[in-house]
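Below is structure28.csv, holding CSV, C-alpha atoms and all ligand atoms.
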```
chain,number,residue,atom,x,y,z
W,1,MET,CA,-10.5,6.6,3.4
W,2,SER,CA,-9.0,4.8,6.4
W,3,LEU,CA,-5.4,3.9,7.3
W,4,LEU,CA,-6.8,1.4,9.7
W,5,ARG,CA,-10.2,-0.3,9.8
W,6,LEU,CA,-11.4,-2.9,12.2
W,7,THR,CA,-14.8,-4.5,11.4
W,8,ASN,CA,-16.7,-6.5,14.0
W,9,VAL,CA,-13.5,-7.7,15.5
W,10,ALA,CA,-13.3,-10.2,18.3
W,11,CYS,CA,-10.0,-11.0,20.1
W,12,TRP,CA,-9.3,-14.3,22.0
W,13,ARG,CA,-6.1,-14.4,24.0
W,14,GLY,CA,-4.8,-16.1,27.1
W,15,GLY,CA,-7.8,-18.5,27.1
W,16,ARG,CA,-10.5,-15.8,27.2
W,17,LEU,CA,-12.5,-13.4,25.1
W,18,LEU,CA,-10.9,-10.0,25.5
W,19,PHE,CA,-13.4,-8.1,23.3
W,20,GLU,CA,-15.8,-8.6,20.5
W,21,GLY,CA,-17.9,-6.6,18.0
W,22,LEU,CA,-15.2,-3.9,17.8
W,23,ASP,CA,-15.5,-1.5,14.9
W,24,LEU,CA,-12.8,1.2,14.5
W,25,ALA,CA,-11.7,3.4,11.6
W,26,VAL,CA,-8.7,5.7,11.8
W,27,GLY,CA,-8.2,8.0,8.9
W,28,PRO,CA,-5.3,10.4,7.9
W,29,GLY,CA,-4.7,13.0,10.5
W,30,GLU,CA,-6.6,11.1,13.2
W,31,ALA,CA,-5.4,9.8,16.5
W,32,VAL,CA,-7.1,7.3,18.7
W,33,LEU,CA,-6.1,6.6,22.4
W,34,VAL,CA,-7.0,3.2,23.8
W,35,SER,CA,-7.5,3.1,27.5
W,36,GLY,CA,-8.8,0.6,30.0
W,37,PRO,CA,-7.8,-1.5,33.0
W,38,ASN,CA,-4.8,-3.9,32.9
W,39,GLY,CA,-5.5,-7.0,30.9
W,40,THR,CA,-8.5,-5.6,28.9
W,41,GLY,CA,-6.6,-6.1,25.6
W,42,LYS,CA,-5.0,-2.7,24.7
W,43,SER,CA,-1.7,-4.2,23.6
W,44,SER,CA,-3.6,-7.1,22.0
W,45,LEU,CA,-5.6,-4.6,19.9
W,46,LEU,CA,-2.4,-2.9,18.7
W,47,ARG,CA,-1.0,-6.3,17.8
W,48,LEU,CA,-4.1,-7.1,15.9
W,49,ALA,CA,-3.8,-3.8,14.0
W,50,ALA,CA,-0.1,-4.6,13.2
W,51,GLY,CA,-1.1,-8.0,11.8
W,52,LEU,CA,0.8,-9.8,14.6
W,53,LEU,CA,-2.3,-11.4,16.0
W,54,ARG,CA,-5.2,-12.9,14.1
W,55,PRO,CA,-8.7,-11.9,15.2
W,56,LEU,CA,-11.1,-14.6,16.4
W,57,ALA,CA,-13.7,-13.0,14.2
W,58,GLY,CA,-14.0,-9.9,12.0
W,59,LYS,CA,-11.7,-8.2,9.7
W,60,VAL,CA,-8.6,-6.0,10.1
W,61,ASP,CA,-7.5,-3.8,7.2
W,62,SER,CA,-4.4,-1.7,7.7
W,63,GLU,CA,-2.0,0.4,5.7
W,64,PRO,CA,1.7,-0.1,6.3
W,65,CYS,CA,2.3,0.5,10.0
W,66,ALA,CA,5.1,0.8,12.6
W,67,LEU,CA,4.7,-0.6,16.1
W,68,ALA,CA,6.5,0.7,19.2
W,69,ASP,CA,6.1,-1.4,22.3
W,70,GLU,CA,8.3,-2.5,25.1
W,71,ARG,CA,10.5,-4.5,22.7
W,72,PRO,CA,12.8,-2.1,20.9
W,73,ALA,CA,13.2,-4.3,17.8
W,74,LEU,CA,16.8,-3.0,17.4
W,75,ASP,CA,19.9,-5.2,17.2
W,76,ALA,CA,21.3,-5.0,20.7
W,77,GLU,CA,24.9,-5.4,19.6
W,78,LEU,CA,25.0,-2.6,16.9
W,79,PRO,CA,25.7,1.0,17.5
W,80,LEU,CA,22.3,2.8,17.7
W,81,ALA,CA,22.6,4.7,14.4
W,82,ARG,CA,23.4,1.4,12.5
W,83,ALA,CA,20.6,-0.5,14.3
W,84,LEU,CA,18.1,2.3,13.2
W,85,ALA,CA,19.4,2.3,9.7
W,86,PHE,CA,18.3,-1.3,9.3
W,87,TRP,CA,14.7,-0.1,9.5
W,88,ALA,CA,15.0,3.1,7.4
W,89,PRO,CA,14.0,3.2,3.8
W,90,ASP,CA,16.2,6.3,3.7
W,91,PRO,CA,19.2,5.8,6.0
W,92,ALA,CA,20.2,9.5,5.4
W,93,ARG,CA,17.3,10.4,7.7
W,94,VAL,CA,18.8,8.6,10.7
W,95,PRO,CA,20.6,11.7,12.1
W,96,ASP,CA,17.3,13.7,12.0
W,97,ALA,CA,15.5,10.9,13.8
W,98,LEU,CA,18.2,10.8,16.5
W,99,ALA,CA,17.9,14.5,16.9
W,100,ALA,CA,14.1,14.4,17.1
W,101,THR,CA,14.4,11.9,19.9
W,102,GLY,CA,17.3,13.6,21.7
W,103,LEU,CA,19.6,10.7,21.0
W,104,GLU,CA,22.2,12.3,18.8
W,105,ALA,CA,25.0,11.9,21.4
W,106,LEU,CA,24.3,8.1,21.5
W,107,ALA,CA,24.6,7.4,17.8
W,108,GLU,CA,27.7,5.2,18.3
W,109,VAL,CA,26.7,3.6,21.5
W,110,PRO,CA,25.6,-0.1,21.3
W,111,VAL,CA,21.9,-0.5,21.8
W,112,ARG,CA,22.4,-2.9,24.7
W,113,LEU,CA,23.9,-0.1,26.8
W,114,LEU,CA,20.9,2.2,26.5
W,115,SER,CA,18.7,3.0,29.5
W,116,THR,CA,15.0,2.2,29.6
W,117,GLY,CA,14.0,5.7,28.6
W,118,GLN,CA,16.6,5.9,25.9
W,119,LEU,CA,15.4,2.5,24.5
W,120,ARG,CA,11.9,3.9,24.4
W,121,ARG,CA,13.1,7.0,22.5
W,122,ALA,CA,15.1,4.7,20.1
W,123,SER,CA,11.9,2.8,19.4
W,124,LEU,CA,10.2,6.1,18.5
W,125,ALA,CA,13.1,7.0,16.3
W,126,ARG,CA,12.6,3.7,14.5
W,127,VAL,CA,8.9,4.5,14.0
W,128,THR,CA,9.6,7.9,12.6
W,129,LEU,CA,12.2,6.5,10.2
W,130,SER,CA,9.8,3.8,8.9
W,131,SER,CA,7.8,6.2,6.7
W,132,ALA,CA,4.7,4.2,7.7
W,133,PRO,CA,1.5,6.3,7.6
W,134,LEU,CA,0.1,4.4,10.6
W,135,TRP,CA,1.8,4.5,14.0
W,136,LEU,CA,0.9,2.0,16.7
W,137,LEU,CA,2.3,3.2,20.0
W,138,ASP,CA,2.0,1.0,23.1
W,139,GLU,CA,2.5,3.0,26.3
W,140,PRO,CA,4.8,5.4,24.5
W,141,ALA,CA,5.2,7.6,27.5
W,142,ASN,CA,6.5,4.8,29.8
W,143,GLY,CA,9.9,5.6,31.2
W,144,LEU,CA,10.2,9.0,29.6
W,145,ASP,CA,11.4,12.0,31.5
W,146,ALA,CA,9.6,15.4,31.1
W,147,ALA,CA,11.8,16.6,28.3
W,148,SER,CA,11.4,13.3,26.4
W,149,LEU,CA,7.7,13.4,26.8
W,150,GLY,CA,7.8,16.8,25.1
W,151,LEU,CA,9.7,15.3,22.2
W,152,LEU,CA,7.2,12.4,22.0
W,153,GLU,CA,4.3,14.9,21.8
W,154,ALA,CA,6.1,16.9,19.1
W,155,LEU,CA,6.6,13.8,17.0
W,156,ILE,CA,2.9,12.9,17.4
W,157,ARG,CA,1.9,16.4,16.4
W,158,THR,CA,4.1,16.4,13.3
W,159,HIS,CA,2.9,12.9,12.2
W,160,ILE,CA,-0.7,13.9,12.5
W,161,ALA,CA,-0.2,17.3,10.8
W,162,GLY,CA,1.5,15.4,7.9
W,163,GLY,CA,-1.6,13.2,7.4
W,164,GLY,CA,-0.5,10.2,9.3
W,165,ALA,CA,-2.6,8.3,11.8
W,166,ILE,CA,-1.9,7.0,15.3
W,167,LEU,CA,-3.5,4.3,17.4
W,168,ALA,CA,-1.9,4.5,20.9
W,169,ALA,CA,-2.5,2.7,24.2
W,170,SER,CA,-1.7,4.6,27.3
W,171,HIS,CA,-2.6,4.7,31.0
W,172,GLN,CA,-1.5,8.4,31.1
W,173,PRO,CA,-3.0,11.3,29.2
W,174,LEU,CA,-1.0,12.2,26.1
W,175,ALA,CA,-0.9,15.6,24.4
W,176,GLY,CA,0.1,16.3,20.8
W,177,ALA,CA,-3.2,15.3,19.2
W,178,ASP,CA,-6.9,15.7,19.5
W,179,TRP,CA,-7.3,12.2,20.7
W,180,ARG,CA,-10.5,10.2,20.1
W,181,LEU,CA,-10.9,7.9,23.1
W,182,LEU,CA,-11.6,4.2,22.9
W,183,GLU,CA,-12.2,2.6,26.3
W,184,LEU,CA,-11.9,-1.2,26.6
W,185,ALA,CA,-13.9,-2.5,29.5
W,186,ARG,CA,-13.5,-5.7,31.5
I,201,LIG,N1,1.7,-13.6,24.7
I,201,LIG,C1,0.5,-13.9,25.3
I,201,LIG,N2,0.1,-15.2,25.3
I,201,LIG,C2,-1.1,-15.5,25.8
I,201,LIG,N3,-1.9,-14.6,26.4
I,201,LIG,C3,-1.5,-13.4,26.4
I,201,LIG,C4,-0.3,-12.9,25.9
I,201,LIG,N4,-0.2,-11.6,26.1
I,201,LIG,C5,-1.3,-11.2,26.7
I,201,LIG,N5,-2.1,-12.3,26.9
I,201,LIG,C6,-3.4,-12.3,27.6
I,201,LIG,O1,-4.2,-11.2,27.0
I,201,LIG,C7,-4.7,-10.4,28.1
I,201,LIG,C8,-4.7,-9.0,27.6
I,201,LIG,O2,-3.4,-8.6,27.6
I,201,LIG,P1,-2.9,-7.2,27.0
I,201,LIG,O3,-1.5,-7.1,27.1
I,201,LIG,O4,-3.5,-7.0,25.6
I,201,LIG,O5,-3.7,-6.2,28.0
I,201,LIG,P2,-3.5,-4.6,28.2
I,201,LIG,O6,-4.9,-4.0,28.3
I,201,LIG,O7,-2.5,-4.0,27.3
I,201,LIG,O8,-2.9,-4.7,29.7
I,201,LIG,P3,-1.9,-3.6,30.5
I,201,LIG,O9,-2.7,-2.4,30.9
I,201,LIG,O10,-1.5,-4.4,31.7
I,201,LIG,O11,-0.8,-3.3,29.5
I,201,LIG,C9,-3.9,-10.7,29.3
I,201,LIG,O12,-4.7,-10.7,30.5
I,201,LIG,C10,-3.4,-12.1,29.1
I,201,LIG,O13,-4.3,-13.0,29.7
```

Once more with this new file: its structure as structure tokens, please.
Ligand SMILES: Nc1ncnc2c1ncn2[C@@H]1O[C@H](COP(=O)(O)OP(=O)(O)OP(=O)(O)O)[C@@H](O)[C@H]1O
Amino acid sequence: MSLLRLTNVACWRGGRLLFEGLDLAVGPGEAVLVSGPNGTGKSSLLRLAAGLLRPLAGKVDSEPCALADERPALDAELPLARALAFWAPDPARVPDALAATGLEALAEVPVRLLSTGQLRRASLARVTLSSAPLWLLDEPANGLDAASLGLLEALIRTHIAGGGAILAASHQPLAGADWRLLELAR
């Protein structure tokens, strides 16, 4: 059983072929780390997996997923807790998600006032609240200080231990899981 399966996938973007013939299966409890030089299509691969991009060829099958990338996808005008509640099937879990990402003191602060690293952590809180079995994390360590990196790794560990799956793109090594590596080449 796979939570994400790509079969013979080709991706065309920005007027060129980024990759083709890509097969990938990610099952419960598995984590895959996509690496490769700038512009090789790591973010595009995550967007394909999320159903936000269509493959040029091949097939993408995915269970419900939550994507965290550089866009927080939170209402900038709302206090953080309310902005997160919008995405939560169970809003009662918002305080736990804030605590798990070290944001409990910012629950009433409007999203637009958060710093870069705080916004990254808010995205992670949104992902944890989604209840999606598949997490798609695009450069999740960007902008995080050492303590926040520890929180990210703890969230990854818990998700994998609970039978979730993760597809992440990162230029930096990430702990928290026994990552299977997928290298995209130029
Ligand atoms: N919104 C877009 N519209 C058109 N082309 C795009 C768009 N976003 C990215 N591309 C193209 O797709 C290519 C791959 O971009 P992508 O962001 O997937 O690479 P990446 O491997 O994640 O890069 P990086 O390491 O810099 O984050 C880029 O070189 C660009 O030409």

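Take atom CA of Val94 of chain W and atom CA of Glu139 of chain W: the distance between them is 23.2 Å.
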
Show me which residues sit within 10 Å of ligand LIG 201 (chain I) when counting only C-alpha atoms and all ligand atoms, and put them as a PyMOL selection string. chain W and resi 11-19+34-48+53+138-139+169-171+184-186

Set the distance at 9 Å and use all atoms listed in the file: which residues neighbour Ala73 of chain W once local chain neighbours fewer than 3 positions away are removed? I'd like the list as a PDB file with C-alpha atoms, keeping the file's coordinate frame.
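After the write, selection.pdb holds the following:
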```
ATOM      1  CA  ALA W  68       6.500   0.700  19.200  1.00  0.00           C
ATOM      2  CA  ASP W  69       6.100  -1.400  22.300  1.00  0.00           C
ATOM      3  CA  GLU W  70       8.300  -2.500  25.100  1.00  0.00           C
ATOM      4  CA  ALA W  76      21.300  -5.000  20.700  1.00  0.00           C
ATOM      5  CA  SER W 123      11.900   2.800  19.400  1.00  0.00           C
ATOM      6  CA  ARG W 126      12.600   3.700  14.500  1.00  0.00           C
TER       7      ARG W 126
END
```

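If you measure from each of W:Leu113, W:Leu3, W:Ala81, W:Ala161 to Cys65 of chain W using only C-alpha atoms, the closest one turns out to be W:Leu3.
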
Identify the residues around (-4.2, 11.7, 20.4) within a radius of 12 Å, measuring from all atoms listed in the file in the coordinates stated by the file, and give them as a VMD selection string. chain W and resid 26 29 to 35 135 to 137 140 152 to 161 164 to 170 172 to 182

For a test of reading the model, state the distance in Å between atom CA of Arg71 of chain W and atom CA of Pro89 of chain W, rounded to one decimal. 20.7 Å

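Remark: for Pro95 of chain W, the closest of the candidate residues W:Ala125, W:Gln118, W:Gly51, W:Pro79 is W:Ala125 (distances computed over all atoms listed in the file).
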
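Between Glu77 of chain W and the residues W:Leu114, W:Leu129, W:Ala147, W:Leu6, the shortest atom-to-atom distance, using only C-alpha atoms, involves W:Leu114.
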
Ref. answer, residues at most 7 Å from (-16.0, 0.7, 10.8) with all atoms listed in the file, as an mmCIF file with C-alpha atoms, in the frame of the given file:
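Produced file selection-v3.cif, reproduced below:
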```cif
data_model
loop_
_atom_site.group_PDB
_atom_site.id
_atom_site.type_symbol
_atom_site.label_atom_id
_atom_site.label_comp_id
_atom_site.auth_asym_id
_atom_site.auth_seq_id
_atom_site.Cartn_x
_atom_site.Cartn_y
_atom_site.Cartn_z
ATOM 1 C CA ARG W 5 -10.200 -0.300 9.800
ATOM 2 C CA LEU W 6 -11.400 -2.900 12.200
ATOM 3 C CA THR W 7 -14.800 -4.500 11.400
ATOM 4 C CA ASP W 23 -15.500 -1.500 14.900
ATOM 5 C CA LEU W 24 -12.800 1.200 14.500
ATOM 6 C CA ALA W 25 -11.700 3.400 11.600
#
```

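Separating atom CA of Val111 of chain W from atom CA of Ala132 of chain W is a distance of 22.7 Å.
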
With N, CA and C atoms as the target, complete segment 136-165 of chain W and hand it back as an mmCIF file, keeping the file's coordinate frame.
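What follows is the written file result-v3.cif:
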```cif
data_model
loop_
_atom_site.group_PDB
_atom_site.id
_atom_site.type_symbol
_atom_site.label_atom_id
_atom_site.label_comp_id
_atom_site.auth_asym_id
_atom_site.auth_seq_id
_atom_site.Cartn_x
_atom_site.Cartn_y
_atom_site.Cartn_z
ATOM 1 N N LEU W 136 1.559 2.695 15.591
ATOM 2 C CA LEU W 136 0.900 2.000 16.700
ATOM 3 C C LEU W 136 1.826 2.106 17.897
ATOM 4 N N LEU W 137 1.390 2.871 18.878
ATOM 5 C CA LEU W 137 2.300 3.200 20.000
ATOM 6 C C LEU W 137 1.700 2.604 21.289
ATOM 7 N N ASP W 138 2.422 1.634 21.867
ATOM 8 C CA ASP W 138 2.000 1.000 23.100
ATOM 9 C C ASP W 138 2.671 1.576 24.283
ATOM 10 N N GLU W 139 1.925 2.294 25.087
ATOM 11 C CA GLU W 139 2.500 3.000 26.300
ATOM 12 C C GLU W 139 3.731 3.775 25.911
ATOM 13 N N PRO W 140 3.621 4.688 24.940
ATOM 14 C CA PRO W 140 4.800 5.400 24.500
ATOM 15 C C PRO W 140 5.466 6.295 25.504
ATOM 16 N N ALA W 141 4.692 6.680 26.534
ATOM 17 C CA ALA W 141 5.200 7.600 27.500
ATOM 18 C C ALA W 141 5.950 6.885 28.670
ATOM 19 N N ASN W 142 5.866 5.548 28.706
ATOM 20 C CA ASN W 142 6.500 4.800 29.800
ATOM 21 C C ASN W 142 7.999 5.048 29.821
ATOM 22 N N GLY W 143 8.477 5.414 30.987
ATOM 23 C CA GLY W 143 9.900 5.600 31.200
ATOM 24 C C GLY W 143 10.493 6.869 30.660
ATOM 25 N N LEU W 144 9.643 7.747 30.131
ATOM 26 C CA LEU W 144 10.200 9.000 29.600
ATOM 27 C C LEU W 144 10.211 10.100 30.641
ATOM 28 N N ASP W 145 11.296 10.852 30.658
ATOM 29 C CA ASP W 145 11.400 12.000 31.500
ATOM 30 C C ASP W 145 10.566 13.172 30.874
ATOM 31 N N ALA W 146 10.449 14.293 31.589
ATOM 32 C CA ALA W 146 9.600 15.400 31.100
ATOM 33 C C ALA W 146 10.011 15.904 29.746
ATOM 34 N N ALA W 147 11.326 16.057 29.553
ATOM 35 C CA ALA W 147 11.800 16.600 28.300
ATOM 36 C C ALA W 147 11.497 15.603 27.135
ATOM 37 N N SER W 148 11.676 14.306 27.415
ATOM 38 C CA SER W 148 11.400 13.300 26.400
ATOM 39 C C SER W 148 9.936 13.200 26.057
ATOM 40 N N LEU W 149 9.098 13.434 27.074
ATOM 41 C CA LEU W 149 7.700 13.400 26.800
ATOM 42 C C LEU W 149 7.303 14.568 25.863
ATOM 43 N N GLY W 150 7.966 15.697 26.014
ATOM 44 C CA GLY W 150 7.800 16.800 25.100
ATOM 45 C C GLY W 150 8.173 16.439 23.665
ATOM 46 N N LEU W 151 9.282 15.690 23.541
ATOM 47 C CA LEU W 151 9.700 15.300 22.200
ATOM 48 C C LEU W 151 8.718 14.288 21.596
ATOM 49 N N LEU W 152 8.193 13.368 22.432
ATOM 50 C CA LEU W 152 7.200 12.400 22.000
ATOM 51 C C LEU W 152 5.958 13.174 21.426
ATOM 52 N N GLU W 153 5.511 14.145 22.198
ATOM 53 C CA GLU W 153 4.300 14.900 21.800
ATOM 54 C C GLU W 153 4.559 15.685 20.509
ATOM 55 N N ALA W 154 5.768 16.196 20.363
ATOM 56 C CA ALA W 154 6.100 16.900 19.100
ATOM 57 C C ALA W 154 6.098 15.976 17.928
ATOM 58 N N LEU W 155 6.614 14.752 18.119
ATOM 59 C CA LEU W 155 6.600 13.800 17.000
ATOM 60 C C LEU W 155 5.183 13.401 16.631
ATOM 61 N N ILE W 156 4.334 13.227 17.645
ATOM 62 C CA ILE W 156 2.900 12.900 17.400
ATOM 63 C C ILE W 156 2.281 14.028 16.593
ATOM 64 N N ARG W 157 2.514 15.261 17.031
ATOM 65 C CA ARG W 157 1.900 16.400 16.400
ATOM 66 C C ARG W 157 2.338 16.481 14.899
ATOM 67 N N THR W 158 3.617 16.285 14.643
ATOM 68 C CA THR W 158 4.100 16.400 13.300
ATOM 69 C C THR W 158 3.545 15.256 12.398
ATOM 70 N N HIS W 159 3.442 14.064 12.971
ATOM 71 C CA HIS W 159 2.900 12.900 12.200
ATOM 72 C C HIS W 159 1.460 13.171 11.798
ATOM 73 N N ILE W 160 0.690 13.646 12.762
ATOM 74 C CA ILE W 160 -0.700 13.900 12.500
ATOM 75 C C ILE W 160 -0.878 15.051 11.501
ATOM 76 N N ALA W 161 -0.091 16.104 11.681
ATOM 77 C CA ALA W 161 -0.200 17.300 10.800
ATOM 78 C C ALA W 161 0.195 16.848 9.347
ATOM 79 N N GLY W 162 1.045 15.833 9.220
ATOM 80 C CA GLY W 162 1.500 15.400 7.900
ATOM 81 C C GLY W 162 0.502 14.351 7.285
ATOM 82 N N GLY W 163 -0.645 14.139 7.931
ATOM 83 C CA GLY W 163 -1.600 13.200 7.400
ATOM 84 C C GLY W 163 -1.470 11.779 7.801
ATOM 85 N N GLY W 164 -0.603 11.547 8.791
ATOM 86 C CA GLY W 164 -0.500 10.200 9.300
ATOM 87 C C GLY W 164 -1.590 9.907 10.326
ATOM 88 N N ALA W 165 -1.622 8.675 10.807
ATOM 89 C CA ALA W 165 -2.600 8.300 11.800
ATOM 90 C C ALA W 165 -1.914 7.551 12.936
#
```
